[in-house]
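J.: Structure in C-alpha cells, see below.
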Amino acid sequence: MLRQQINPGLELRLLQPTDAPALFALVETNRQTLRTWLPWVDATTKLAHSQKFIAEALRDREKTRAYAAGIWSSGQLVGVIWHNRIDWANRVAFPAYWLVPSAEGRGIMTAACQAVIAHAFTQLKVDRVIVAVATENHRAAALVKRLGFTPISTLKKAEWLYDHFVDHHIYQLLNPNHPTRPL
Ligand SMILES: CC(C)(COP(=O)(O)OP(=O)(O)OC[C@H]1O[C@@H](n2cnc3c(N)ncnc32)[C@H](O)[C@@H]1OP(=O)(O)O)[C@@H](O)C(=O)NCCC(=O)NCCS
C-alpha cells in the first residue's frame, strides 16, 4: 500500500524518510500517554530513532511486503499503522497501530484498520490477521471487536512494558474470501 485516501480528510501513506521529523515530534509530544501500551516509546529519544524505524520499514517492505503507513487526518500526521511482520509460509499478517490521544474517539483507527485489513485480504491475500491486545487495554479491545475479530487465546506475561509484564488476548480475523485451508 503506497497511498490510500479513506475519505476526504483521512489518508494512509507509506512512511518516507522525510516524514521522520513529524513522526518523532508526535512521539515526543505524546510520550507519556503512548508509553502506557507501547514498549518502544522510552527508547525513542531522538530523531535518528524515528528515521531508523522508517528505514527498517522500507527495507522490510522490499523483502516481505510488510509496510508502515502514516495516518494523516486533515493533513496532520496523527498515528501509524504497520505490519509487524507477514508470515508468508502460513499467510498470516500481524498489524500494529497507534494514534495520538487528540485523534482518538473519531473512528480514525477503525477506518485505517479496515483499509489495511481489506488490503491484506484482497491484495496480499493472507488467510488471516492476528493482533495481540493487552488484557487491560480496553480501548484497543473495543477496536478489534468493532472490526469483527474474535478472541482465540490468552498469553500470560506476554510483553514487558518498562517495569511490569502485561498479559495479551490474541484475536484473529479470517479472510472471508480466501478460506484455503482448515484452521
Ligand atoms: C487503540 C487505539 C488505536 C484506539 O483508538 P480509538 O480512538 O478508540 O479508535 P477509533 O479511532 O476507531 O475511534 C473509535 C471511537 O470513535 C467513535 N466513532 C466516531 N465515529 C466513528 C466511526 N465512524 N466509526 C467507528 N467509530 C467511530 C467510536 O464510538 C469510538 O468512541 P469511544 O471511544 O467513545 O467508544 C488508541 O487508543 C491507541 O492508539 N492507543 C494506544 C496504542 C495502542 O494501544 N495500540 C494498540 C495496541 S494493540
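Every chain in the C-alpha cells has a letter given in the order shown (A, B, ...), and although residue numbers restart at 1 in each chain, ligands are simply numbered from 1 in the order shown.
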Write out as CSV the residues of chain A that have any atom within 10 Å of an atom of ligand 1, one row each with the nearest atom pair and its distance in Å to one decimal, counting only C-alpha atoms and all ligand atoms, sorted by chain and then rising number.
T.:
residue,atom,partner,partner_atom_place_in_ligand_line,distance
A:Thr33,CA,ligand 1,41 (C),7.5
A:Leu34,CA,ligand 1,41 (C),5.6
A:Arg35,CA,ligand 1,41 (C),8.1
A:Thr36,CA,ligand 1,41 (C),7.3
A:Trp37,CA,ligand 1,44 (O),5.2
A:Leu38,CA,ligand 1,42 (C),6.0
A:Pro39,CA,ligand 1,42 (C),9.8
A:Val78,CA,ligand 1,39 (O),9.5
A:Gly79,CA,ligand 1,39 (O),7.4
A:Val80,CA,ligand 1,39 (O),8.7
A:Ile81,CA,ligand 1,3 (C),9.1
A:Pro95,CA,ligand 1,48 (S),8.8
A:Ala96,CA,ligand 1,47 (C),6.2
A:Tyr97,CA,ligand 1,45 (N),5.2
A:Trp98,CA,ligand 1,39 (O),3.4
A:Leu99,CA,ligand 1,39 (O),3.7
A:Val100,CA,ligand 1,39 (O),6.1
A:Pro101,CA,ligand 1,37 (O),6.9
A:Ser102,CA,ligand 1,7 (O),8.7
A:Ala103,CA,ligand 1,7 (O),6.5
A:Glu104,CA,ligand 1,7 (O),3.1
A:Gly105,CA,ligand 1,16 (O),3.3
A:Arg106,CA,ligand 1,16 (O),3.7
A:Gly107,CA,ligand 1,13 (O),3.3
A:Ile108,CA,ligand 1,11 (O),3.7
A:Met109,CA,ligand 1,11 (O),3.6
A:Thr110,CA,ligand 1,12 (O),3.5
A:Ala111,CA,ligand 1,12 (O),6.6
A:Ala112,CA,ligand 1,12 (O),8.0
A:Cys113,CA,ligand 1,12 (O),8.2
A:Gln114,CA,ligand 1,12 (O),9.6
A:Val131,CA,ligand 1,48 (S),6.6
A:Ala132,CA,ligand 1,48 (S),5.7
A:Val133,CA,ligand 1,48 (S),4.2
A:Ala134,CA,ligand 1,48 (S),6.6
A:Thr135,CA,ligand 1,48 (S),9.6
A:Glu136,CA,ligand 1,44 (O),9.9
A:Asn137,CA,ligand 1,44 (O),6.3
A:His138,CA,ligand 1,1 (C),8.2
A:Arg139,CA,ligand 1,8 (O),5.0
A:Ala140,CA,ligand 1,1 (C),3.7
A:Ala141,CA,ligand 1,48 (S),7.5
A:Ala142,CA,ligand 1,8 (O),7.2
A:Leu143,CA,ligand 1,9 (O),5.7
A:Val144,CA,ligand 1,48 (S),8.4
A:Arg146,CA,ligand 1,25 (C),7.7
A:Leu147,CA,ligand 1,12 (O),9.0
A:His168,CA,ligand 1,48 (S),9.0
A:His169,CA,ligand 1,48 (S),9.4
A:Ile170,CA,ligand 1,48 (S),9.6
A:Tyr171,CA,ligand 1,48 (S),9.9
J.: Run DSSP on the backbone and grab whatever in chain A lands in strand (DSSP E or B); send it over as JSON, numbers by chain.
T.: {"A": [3, 4, 5, 6, 7, 10, 11, 12, 13, 14, 68, 69, 70, 71, 72, 73, 76, 77, 78, 79, 80, 81, 82, 83, 84, 85, 86, 87, 92, 93, 94, 95, 96, 97, 98, 99, 128, 129, 130, 131, 132, 133, 134, 150, 151, 152, 153, 154, 155, 156, 157, 158, 159, 160, 165, 166, 167, 168, 169, 170, 171, 172, 173, 174]}
J.: If you run DSSP on this backbone, which residues of segment 24-179 of chain A come out as alpha helix (DSSP H), and could you give them as a VMD selection string?
T.: chain A and resid 24 to 34 47 to 64 108 to 119 138 to 146
J.: Report, in Å to a single decimal, how far apart atom CA of Asn84 of chain A and atom CA of Asp42 of chain A are.
T.: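 Atom-to-atom, atom CA of Asp42 of chain A and atom CA of Asn84 of chain A are spaced 18.8 Å apart.
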J.: I'd like the neighbourhood of Ala48 of chain A as a PyMOL selection string, where a residue qualifies if any of its atoms comes within 10 Å (using only C-alpha atoms), though same-chain residues fewer than 4 positions away should be ignored.
T.: chain A and resi 20-21+24+44+52-54
J.: Just give me the gap between atom CA of Ile86 of chain A and atom CA of Phe149 of chain A in Å, one decimal is fine.
T.: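 Rounded to one decimal, the two atoms are 17.7 Å apart.
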J.: Considering only C-alpha atoms, can you say which of A:Arg65, A:Leu58, A:Asp127, A:His119 comes closest to Asn90 of chain A?
T.: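 Closest residue, counting only C-alpha atoms: A:Asp127.
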J.: How many Å separate atom CA of Asn30 of chain A from atom CA of Trp72 of chain A?
T.: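 For atom CA of Asn30 of chain A relative to atom CA of Trp72 of chain A, the distance reads 16.3 Å.
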J.: Go through A:His49, A:Arg3, A:Lys156, A:Arg128 one by one, measure the shortest atom-to-atom distance of each to Val92 of chain A using only C-alpha atoms, and give the residue with the smallest value.
T.: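 Nearest to Val92 of chain A: A:Arg128.
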J.: Which residues are close to Gln16 of chain A, i.e. within 10 Å by only C-alpha atoms, leaving aside same-chain residues fewer than 3 positions away? Reply as a VMD selection string.
T.: chain A and resid 13 19 to 20 51 54 to 55 57 to 58 68 to 70
J.: Which of these, A:His164, A:Arg91, A:Arg59, A:Arg85, has the shortest distance to Leu124 of chain A once you count only C-alpha atoms?
T.: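 Using only C-alpha atoms, Leu124 of chain A sits closest to A:Arg91.
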